[in-house]
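Let me begin by presenting the structure, written as structure tokens, before commenting on it.
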Amino acid sequence: MGKHHIPEAHGGHPNVTPLIDVVMVLIVFFMLVAKIGVSTGADPKIQIPSSILGSEIKDMGNVLYLNVTPMSKDSDTPIVTAMVKNSTTGNSEITELKLDGDAKSQLVASLKFYRFGKDLVKGGDAADNDNFQVVIRGDKEMRFAALQPVLEACAYANVKAVNFNTAKVTEAAPAAAP
């Protein structure tokens, strides 16, 4: 029985085909894992106030951003928009949520849907989402009276974590004179 020998290479260049295969598999893996182009629904036209204190929200997977602007400078009636799922198409899109000032408004119904599920009832058939959070992005020129109905809607929907989106202060405030 004869010995089998490794055939001689016909060229001095290494075979890079397996390397290309591995690189393509890694590219596909990272494309599937990465969150590409995820929109939070935050309105870039809103000028949010600055804050010295605050903490960064680490888990953004269970957060609904509410964009709150007053109808006019003198009005305390807010316009609330958010990225919510459209019931007919199933796609998420920025929608104005009507706020009638009571527990039956569109805003309260949307918050209850995200908090309690399809049945909108605490402890009902659907599993409650105890970790649901709301981030309010209010315009820095808005008065508190315009923000109050939004906070009441969060209370009606039993949202446990309500946060305010603010910008970090980039320059230090001047020291007070003695």
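Identifiers in the structure tokens: chain A, B, ... in order shown; residue index from 1 per chain; ligand index from 1 in order shown.
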
> Among stretch 3-162 of chain A, which residues carry a DSSP assignment of strand (DSSP E), reported as an NGL selection string?
Replying inline: :A and (50-51 or 63-70 or 78-85 or 92-97 or 133-138 or 161-162)

>> Residues within 8 Å of stretch 165-171 of chain A, please, as a PyMOL selection string. Count only C-alpha atoms; anything in the same chain fewer than 4 positions from it doesn't count.
In response: chain A and resi 48-52+135-138

> Near stretch 145-151 of chain A, within 10 Å and counting only C-alpha atoms, which residues show up once chain neighbours fewer than 6 positions away are dropped, as a ChimeraX atom specification?
Replying inline: /A:66,68-71,74-80,99-102,107-108,136,138-139,157,159,162

>> Using Å and a single decimal, report how far atom CA of A:Met142 sits from atom CA of A:Gln47.
In response: 10.1 Å

>> Run DSSP on the backbone and tell me which residues of stretch 93-123 of chain A come out as alpha helix (DSSP H); list them as a PyMOL selection string.
In response: chain A and resi 106-116

> How many Å lie between atom CA of A:Ser110 and atom CA of A:Ser55, rounded to one decimal?
Replying inline: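 Atom-to-atom, atom CA of A:Ser110 to atom CA of A:Ser55, that is 26.0 Å.
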
> Can you tell me, as number ranges by chain, what residues are no more than 10 Å from A:Gln133 when counting only C-alpha atoms, ignoring any on the same chain fewer than 6 positions away?
Replying inline: A: 57, 59-65, 111, 114-115, 154, 159-163

Writing out the chosen residues with N, CA, C and O atoms as a PDB file, in the first residue's frame:
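Once everything was written out, this is result_15.pdb:
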ATOM      1  N   ILE A  57     -30.792  56.846  31.075  1.00  0.00           N
ATOM      2  CA  ILE A  57     -31.614  55.644  31.039  1.00  0.00           C
ATOM      3  C   ILE A  57     -30.851  54.603  30.240  1.00  0.00           C
ATOM      4  O   ILE A  57     -30.524  54.816  29.078  1.00  0.00           O
ATOM      5  N   ASP A  59     -31.764  51.111  29.795  1.00  0.00           N
ATOM      6  CA  ASP A  59     -32.600  50.194  29.031  1.00  0.00           C
ATOM      7  C   ASP A  59     -33.624  50.998  28.243  1.00  0.00           C
ATOM      8  O   ASP A  59     -34.572  51.525  28.799  1.00  0.00           O
ATOM      9  N   MET A  60     -33.419  51.096  26.929  1.00  0.00           N
ATOM     10  CA  MET A  60     -34.326  51.868  26.084  1.00  0.00           C
ATOM     11  C   MET A  60     -35.360  50.982  25.392  1.00  0.00           C
ATOM     12  O   MET A  60     -36.133  51.449  24.579  1.00  0.00           O
ATOM     13  N   GLY A  61     -35.403  49.708  25.720  1.00  0.00           N
ATOM     14  CA  GLY A  61     -36.290  48.781  25.045  1.00  0.00           C
ATOM     15  C   GLY A  61     -37.728  48.840  25.509  1.00  0.00           C
ATOM     16  O   GLY A  61     -38.611  48.325  24.852  1.00  0.00           O
ATOM     17  N   ASN A  62     -37.990  49.442  26.626  1.00  0.00           N
ATOM     18  CA  ASN A  62     -39.330  49.435  27.206  1.00  0.00           C
ATOM     19  C   ASN A  62     -39.781  50.861  27.517  1.00  0.00           C
ATOM     20  O   ASN A  62     -40.378  51.113  28.542  1.00  0.00           O
ATOM     21  N   VAL A  63     -39.450  51.794  26.612  1.00  0.00           N
ATOM     22  CA  VAL A  63     -39.668  53.218  26.856  1.00  0.00           C
ATOM     23  C   VAL A  63     -40.533  53.796  25.752  1.00  0.00           C
ATOM     24  O   VAL A  63     -40.345  53.497  24.575  1.00  0.00           O
ATOM     25  N   LEU A  64     -41.493  54.638  26.130  1.00  0.00           N
ATOM     26  CA  LEU A  64     -42.301  55.390  25.169  1.00  0.00           C
ATOM     27  C   LEU A  64     -41.981  56.867  25.345  1.00  0.00           C
ATOM     28  O   LEU A  64     -42.114  57.410  26.445  1.00  0.00           O
ATOM     29  N   TYR A  65     -41.525  57.503  24.269  1.00  0.00           N
ATOM     30  CA  TYR A  65     -41.235  58.935  24.296  1.00  0.00           C
ATOM     31  C   TYR A  65     -42.509  59.703  23.987  1.00  0.00           C
ATOM     32  O   TYR A  65     -43.167  59.442  22.983  1.00  0.00           O
ATOM     33  N   LEU A 111     -51.218  54.585  26.772  1.00  0.00           N
ATOM     34  CA  LEU A 111     -50.359  54.264  27.904  1.00  0.00           C
ATOM     35  C   LEU A 111     -50.800  52.971  28.588  1.00  0.00           C
ATOM     36  O   LEU A 111     -49.971  52.140  28.962  1.00  0.00           O
ATOM     37  N   TYR A 114     -49.656  49.904  26.530  1.00  0.00           N
ATOM     38  CA  TYR A 114     -48.259  49.542  26.744  1.00  0.00           C
ATOM     39  C   TYR A 114     -48.017  49.035  28.165  1.00  0.00           C
ATOM     40  O   TYR A 114     -47.125  48.229  28.398  1.00  0.00           O
ATOM     41  N   ARG A 115     -48.790  49.494  29.115  1.00  0.00           N
ATOM     42  CA  ARG A 115     -48.600  49.105  30.519  1.00  0.00           C
ATOM     43  C   ARG A 115     -49.253  47.766  30.852  1.00  0.00           C
ATOM     44  O   ARG A 115     -48.688  46.932  31.530  1.00  0.00           O
ATOM     45  N   CYS A 154     -50.484  59.846  32.777  1.00  0.00           N
ATOM     46  CA  CYS A 154     -49.559  58.791  33.224  1.00  0.00           C
ATOM     47  C   CYS A 154     -50.038  58.182  34.537  1.00  0.00           C
ATOM     48  O   CYS A 154     -49.934  56.969  34.738  1.00  0.00           O
ATOM     49  N   VAL A 159     -48.580  54.302  35.209  1.00  0.00           N
ATOM     50  CA  VAL A 159     -47.193  54.213  34.761  1.00  0.00           C
ATOM     51  C   VAL A 159     -46.307  54.485  35.967  1.00  0.00           C
ATOM     52  O   VAL A 159     -46.424  55.523  36.611  1.00  0.00           O
ATOM     53  N   LYS A 160     -45.410  53.556  36.275  1.00  0.00           N
ATOM     54  CA  LYS A 160     -44.610  53.674  37.487  1.00  0.00           C
ATOM     55  C   LYS A 160     -43.383  54.546  37.320  1.00  0.00           C
ATOM     56  O   LYS A 160     -42.911  55.141  38.280  1.00  0.00           O
ATOM     57  N   ALA A 161     -42.821  54.629  36.107  1.00  0.00           N
ATOM     58  CA  ALA A 161     -41.594  55.389  35.885  1.00  0.00           C
ATOM     59  C   ALA A 161     -41.847  56.459  34.820  1.00  0.00           C
ATOM     60  O   ALA A 161     -42.038  56.143  33.657  1.00  0.00           O
ATOM     61  N   VAL A 162     -41.843  57.710  35.262  1.00  0.00           N
ATOM     62  CA  VAL A 162     -41.985  58.844  34.354  1.00  0.00           C
ATOM     63  C   VAL A 162     -40.710  59.669  34.466  1.00  0.00           C
ATOM     64  O   VAL A 162     -40.336  60.103  35.554  1.00  0.00           O
ATOM     65  N   ASN A 163     -40.032  59.865  33.350  1.00  0.00           N
ATOM     66  CA  ASN A 163     -38.776  60.605  33.313  1.00  0.00           C
ATOM     67  C   ASN A 163     -38.910  61.797  32.381  1.00  0.00           C
ATOM     68  O   ASN A 163     -39.783  61.824  31.514  1.00  0.00           O
TER      69      ASN A 163
END

> Can you tell me how far atom CA of A:Asp128 sits from atom CA of A:Ala109, in Å to one decimal?
Replying inline: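 Between atom CA of A:Asp128 and atom CA of A:Ala109 the gap works out to 14.5 Å.
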